[in-house]
$ cat protein_26.csv   # CSV, C-alpha atoms
chain,number,residue,atom,x,y,z
J,252,PHE,CA,98.4,21.0,28.1
J,253,VAL,CA,101.9,22.3,27.8
J,254,ASN,CA,101.5,25.2,30.3
J,255,ALA,CA,99.9,22.8,32.8
J,256,GLY,CA,102.8,20.4,32.6
J,257,ASP,CA,100.8,17.4,31.4
J,258,GLY,CA,102.2,15.0,28.9
J,259,TRP,CA,101.4,12.3,26.4
J,260,GLU,CA,102.5,8.7,26.5
J,261,ALA,CA,103.4,6.2,23.8
J,262,ILE,CA,104.5,2.6,23.9
J,263,ASP,CA,108.2,3.3,24.4
J,264,LYS,CA,108.3,7.0,25.5
J,265,LYS,CA,106.7,9.8,27.4
J,266,ASN,CA,107.0,13.5,26.7
J,267,ASN,CA,105.4,16.8,27.7
J,268,LYS,CA,106.0,18.6,24.4
J,269,TRP,CA,103.4,18.6,21.6
J,270,ASN,CA,105.5,16.6,19.2
J,271,PHE,CA,104.0,13.2,18.8
J,272,HIS,CA,103.2,11.7,15.4
J,273,ALA,CA,100.6,13.8,13.6
J,274,SER,CA,100.3,16.2,16.6
J,275,HIS,CA,99.8,19.0,14.1
J,276,SER,CA,97.1,17.1,12.3
J,277,ASP,CA,94.0,14.9,12.9
J,278,GLN,CA,95.7,12.8,15.7
J,279,GLY,CA,96.6,16.0,17.6
J,280,LEU,CA,93.2,17.5,17.3
J,281,MET,CA,91.4,14.3,18.4
J,282,TYR,CA,93.8,13.8,21.3
J,283,TYR,CA,93.4,17.4,22.5
J,284,TYR,CA,89.6,17.4,22.0
J,285,THR,CA,88.9,14.1,23.8
J,286,LYS,CA,91.4,14.4,26.6
J,287,TYR,CA,91.3,18.1,27.4
J,288,MET,CA,88.0,19.5,26.1
J,289,THR,CA,85.5,16.7,26.8
J,290,GLN,CA,87.8,15.0,29.4
J,291,ASP,CA,86.2,11.7,28.7
J,292,VAL,CA,88.3,9.3,26.8
J,293,SER,CA,89.8,5.8,26.7
J,294,ILE,CA,93.3,5.6,25.2
J,295,ALA,CA,94.9,2.3,24.0
J,296,ILE,CA,98.6,2.2,24.4
J,297,SER,CA,99.9,-1.2,23.3
J,298,ASP,CA,98.1,-3.7,25.5
J,299,ARG,CA,97.2,-1.0,28.1
J,300,LEU,CA,93.9,0.8,28.2
J,301,GLN,CA,93.7,4.1,30.1
J,302,ASN,CA,90.4,5.8,31.1
J,303,TRP,CA,90.3,9.5,31.7
J,304,MET,CA,87.5,11.6,33.2
J,305,PRO,CA,87.0,15.2,34.4
J,306,SER,CA,88.6,16.3,37.7
J,307,ASP,CA,88.2,19.3,39.9
J,308,GLY,CA,91.2,21.0,38.4
J,309,GLN,CA,91.9,22.0,34.8
J,310,LEU,CA,93.5,18.7,33.8
J,311,PRO,CA,91.7,15.4,33.3
J,312,GLN,CA,92.2,12.6,35.8
J,313,LYS,CA,93.3,9.1,34.9
J,314,VAL,CA,90.8,6.8,36.7
J,315,SER,CA,92.1,3.5,35.6
J,316,GLU,CA,94.8,1.7,33.5
J,317,VAL,CA,94.2,-1.9,32.7
J,318,LYS,CA,96.5,-4.3,30.9
J,319,GLY,CA,95.2,-6.8,28.4
J,320,GLU,CA,91.5,-5.6,28.6
J,321,LEU,CA,91.0,-5.4,24.9
J,322,ALA,CA,92.2,-9.0,24.2
J,323,LYS,CA,89.0,-10.6,25.5
J,324,TYR,CA,87.0,-8.6,22.9
J,325,SER,CA,89.4,-9.3,20.0
J,326,PRO,CA,89.1,-12.5,18.0
J,327,LYS,CA,92.1,-14.5,16.7
J,328,PRO,CA,93.4,-12.6,13.7
J,329,ALA,CA,92.3,-13.9,10.3
J,330,ALA,CA,95.8,-13.1,9.1
J,331,TYR,CA,98.9,-12.2,11.1
J,332,GLN,CA,101.1,-9.2,10.5
J,333,HIS,CA,104.6,-8.4,11.6
J,334,PHE,CA,105.4,-12.1,12.3
J,335,CYS,CA,103.3,-12.0,15.5
J,336,ASP,CA,102.5,-15.7,15.2
J,337,ALA,CA,106.1,-16.7,14.6
J,338,GLU,CA,107.8,-14.7,17.4
J,339,PRO,CA,105.4,-14.5,20.4
J,340,ASN,CA,108.1,-13.7,22.9
J,341,SER,CA,109.4,-10.8,20.9
J,342,ALA,CA,106.0,-9.4,20.0
J,343,SER,CA,105.8,-5.8,18.9
J,344,MET,CA,103.0,-3.4,19.7
J,345,TYR,CA,101.3,-4.6,16.5
J,346,CYS,CA,100.7,-8.0,18.1
J,347,TYR,CA,98.2,-6.7,20.6
J,348,PRO,CA,94.6,-5.6,20.2
J,349,PRO,CA,93.5,-3.2,18.8
J,350,TYR,CA,96.6,-2.9,16.6
J,351,ARG,CA,96.4,-6.5,15.4
J,352,ASP,CA,92.8,-6.1,14.4
J,353,VAL,CA,93.4,-3.8,11.5
J,354,CYS,CA,95.8,-3.9,8.6
J,355,HIS,CA,97.7,-0.7,8.4
J,356,PHE,CA,99.4,-0.1,5.0
J,357,MET,CA,102.3,2.4,5.4
J,358,GLY,CA,104.2,4.4,2.8
J,359,SER,CA,104.4,2.9,-0.6
J,360,ASN,CA,103.7,-0.7,0.6
J,361,LYS,CA,100.0,-0.6,-0.3
J,362,PRO,CA,98.7,-3.7,-2.0
J,363,TRP,CA,97.0,-1.7,-4.7
J,364,GLN,CA,100.4,-0.4,-5.6
J,365,LEU,CA,102.4,-3.6,-5.3
J,366,GLY,CA,100.0,-6.5,-5.6
J,367,VAL,CA,99.5,-9.3,-3.1
J,368,GLY,CA,102.8,-11.0,-3.8
J,369,VAL,CA,104.8,-9.0,-1.2
J,370,LYS,CA,105.9,-10.9,1.9
J,371,PHE,CA,103.9,-9.0,4.5
J,372,MET,CA,100.7,-9.7,2.6
J,373,LYS,CA,100.8,-13.4,3.5
J,374,ASN,CA,98.7,-15.0,6.1
J,375,THR,CA,101.0,-17.3,8.0
J,376,ASN,CA,100.3,-19.6,10.9
J,377,THR,CA,102.3,-21.7,13.2
J,378,HIS,CA,102.2,-24.6,10.7
J,379,GLY,CA,104.2,-22.6,8.2
J,380,LYS,CA,101.4,-22.5,5.6
J,381,SER,CA,100.6,-19.2,3.9
J,382,ALA,CA,97.9,-17.7,1.8
J,383,PRO,CA,97.3,-14.1,0.5
J,384,TYR,CA,95.3,-11.7,2.7
J,385,ARG,CA,91.7,-11.2,1.6
J,386,LEU,CA,91.2,-7.4,2.0
J,387,TRP,CA,87.6,-7.2,0.8
$ encode --input "protein_26.csv" --output "structure tokens"
Amino acid sequence: FVNAGDGWEAIDKKNNKWNFHASHSDQGLMYYYTKYMTQDVSIAISDRLQNWMPSDGQLPQKVSEVKGELAKYSPKPAAYQHFCDAEPNSASMYCYPPYRDVCHFMGSNKPWQLGVGVKFMKNTNTHGKSAPYRLW
């Protein structure tokens, strides 16, 4: 990976150093195994889907990159996160599938620690109504 000069890609940056989030842990192991050992992987980066396959050389070859492909398989969210329904023109990565299809609780903002009264735990829609998420 590093010696071959290959790199990794995120939503807003690219790099050829092994220093992405959790590169030393499960994400790094899964990335290395699927992209460099099996050389058969699809990687979602925001609303882009990259497909990688083996090549004649030591590095895998990107065979396609499609934008918006996952959206047709993703239903409308039961509950919006990160104000994705309120600000569609300034949408973050969390507003695209597959990120919008899961609820990722970070740090100490877990509902079992805080309860369902916190602001991000509300289901809002374009009509301004809200209701608590149902997580079970």
$ atom_distance --input "protein_26.csv" --atom1 "CA of Ala273 in chain J" --atom2 "CA of Lys286 in chain J"
15.9 Å
$ residues_near_point --input "protein_26.csv" --point "(91.2, -0.2, 30.2)" --cutoff "8 Å" --atoms "only C-alpha atoms" --output "MDAnalysis selection string"
chainID J and resid 293:295 299:302 315:321
$ atom_distance --input "protein_26.csv" --atom1 "CA of Ser297 in chain J" --atom2 "CA of Arg351 in chain J"
10.1 Å
$ atom_distance --input "protein_26.csv" --atom1 "CA of Pro349 in chain J" --atom2 "CA of Gln332 in chain J"
12.8 Å
$ residues_around --input "protein_26.csv" --residues "Gly258 in chain J" --least-positions-apart "6" --cutoff "7 Å" --atoms "only C-alpha atoms" --output "list of chain:residue names"
J:Asn266, J:Asn267, J:Lys268
$ residues_around --input "protein_26.csv" --residues "Trp303 in chain J" --least-positions-apart "2" --cutoff "7 Å" --atoms "all atoms listed in the file" --output "NGL selection string"
:J and (290-293 or 301 or 311-314)
$ closest_residue --input "protein_26.csv" --among "J:Tyr284, J:Asp307, J:Trp259, J:Gly358" --to "His272 in chain J" --atoms "only C-alpha atoms"
J:Trp259
$ residues_around --input "protein_26.csv" --residues "Asp352 in chain J" --least-positions-apart "2" --cutoff "10 Å" --atoms "only C-alpha atoms" --output "list in words"
Ser325, Pro326, Lys327, Pro328, Ala329, Ala330, Tyr331, Gln332, Tyr345, Cys346, Tyr347, Pro348, Pro349, Tyr350, Cys354 and His355 of chain J
$ closest_residue --input "protein_26.csv" --among "J:Trp269, J:Ala261, J:Tyr282, J:Thr289" --to "Met344 in chain J" --atoms "only C-alpha atoms"
J:Ala261
$ closest_residue --input "protein_26.csv" --among "J:Lys264, J:Ala337, J:Ser276, J:Thr285" --to "Leu310 in chain J" --atoms "only C-alpha atoms"
J:Thr285
$ build_atoms --input "protein_26.csv" --residues "range 297-310 of chain J" --atoms "N, CA and C atoms" --output "PDB file, in the frame of the given file"
ATOM      1  N   SER J 297      99.489   0.167  23.330  1.00  0.00           N
ATOM      2  CA  SER J 297      99.900  -1.200  23.300  1.00  0.00           C
ATOM      3  C   SER J 297      98.831  -2.088  23.897  1.00  0.00           C
ATOM      4  N   ASP J 298      99.136  -2.879  24.910  1.00  0.00           N
ATOM      5  CA  ASP J 298      98.100  -3.700  25.500  1.00  0.00           C
ATOM      6  C   ASP J 298      97.518  -3.086  26.780  1.00  0.00           C
ATOM      7  N   ARG J 299      97.732  -1.775  26.972  1.00  0.00           N
ATOM      8  CA  ARG J 299      97.200  -1.000  28.100  1.00  0.00           C
ATOM      9  C   ARG J 299      96.008  -0.176  27.649  1.00  0.00           C
ATOM     10  N   LEU J 300      95.011  -0.056  28.503  1.00  0.00           N
ATOM     11  CA  LEU J 300      93.900   0.800  28.200  1.00  0.00           C
ATOM     12  C   LEU J 300      93.715   1.780  29.376  1.00  0.00           C
ATOM     13  N   GLN J 301      93.872   3.071  29.074  1.00  0.00           N
ATOM     14  CA  GLN J 301      93.700   4.100  30.100  1.00  0.00           C
ATOM     15  C   GLN J 301      92.364   4.769  29.931  1.00  0.00           C
ATOM     16  N   ASN J 302      91.724   5.070  31.057  1.00  0.00           N
ATOM     17  CA  ASN J 302      90.400   5.800  31.100  1.00  0.00           C
ATOM     18  C   ASN J 302      90.617   7.097  31.793  1.00  0.00           C
ATOM     19  N   TRP J 303      90.191   8.172  31.139  1.00  0.00           N
ATOM     20  CA  TRP J 303      90.300   9.500  31.700  1.00  0.00           C
ATOM     21  C   TRP J 303      88.958  10.159  31.828  1.00  0.00           C
ATOM     22  N   MET J 304      88.792  10.913  32.930  1.00  0.00           N
ATOM     23  CA  MET J 304      87.500  11.600  33.200  1.00  0.00           C
ATOM     24  C   MET J 304      87.846  12.995  33.756  1.00  0.00           C
ATOM     25  N   PRO J 305      86.821  13.867  33.843  1.00  0.00           N
ATOM     26  CA  PRO J 305      87.000  15.200  34.400  1.00  0.00           C
ATOM     27  C   PRO J 305      87.456  15.158  35.850  1.00  0.00           C
ATOM     28  N   SER J 306      88.198  16.171  36.259  1.00  0.00           N
ATOM     29  CA  SER J 306      88.600  16.300  37.700  1.00  0.00           C
ATOM     30  C   SER J 306      88.182  17.683  38.149  1.00  0.00           C
ATOM     31  N   ASP J 307      88.481  17.984  39.386  1.00  0.00           N
ATOM     32  CA  ASP J 307      88.200  19.300  39.900  1.00  0.00           C
ATOM     33  C   ASP J 307      89.065  20.385  39.381  1.00  0.00           C
ATOM     34  N   GLY J 308      90.257  20.004  38.926  1.00  0.00           N
ATOM     35  CA  GLY J 308      91.200  21.000  38.400  1.00  0.00           C
ATOM     36  C   GLY J 308      90.993  21.126  36.874  1.00  0.00           C
ATOM     37  N   GLN J 309      91.998  21.732  36.211  1.00  0.00           N
ATOM     38  CA  GLN J 309      91.900  22.000  34.800  1.00  0.00           C
ATOM     39  C   GLN J 309      92.267  20.771  33.947  1.00  0.00           C
ATOM     40  N   LEU J 310      93.082  19.872  34.513  1.00  0.00           N
ATOM     41  CA  LEU J 310      93.500  18.700  33.800  1.00  0.00           C
ATOM     42  C   LEU J 310      92.608  17.498  34.052  1.00  0.00           C
TER      43      LEU J 310
END
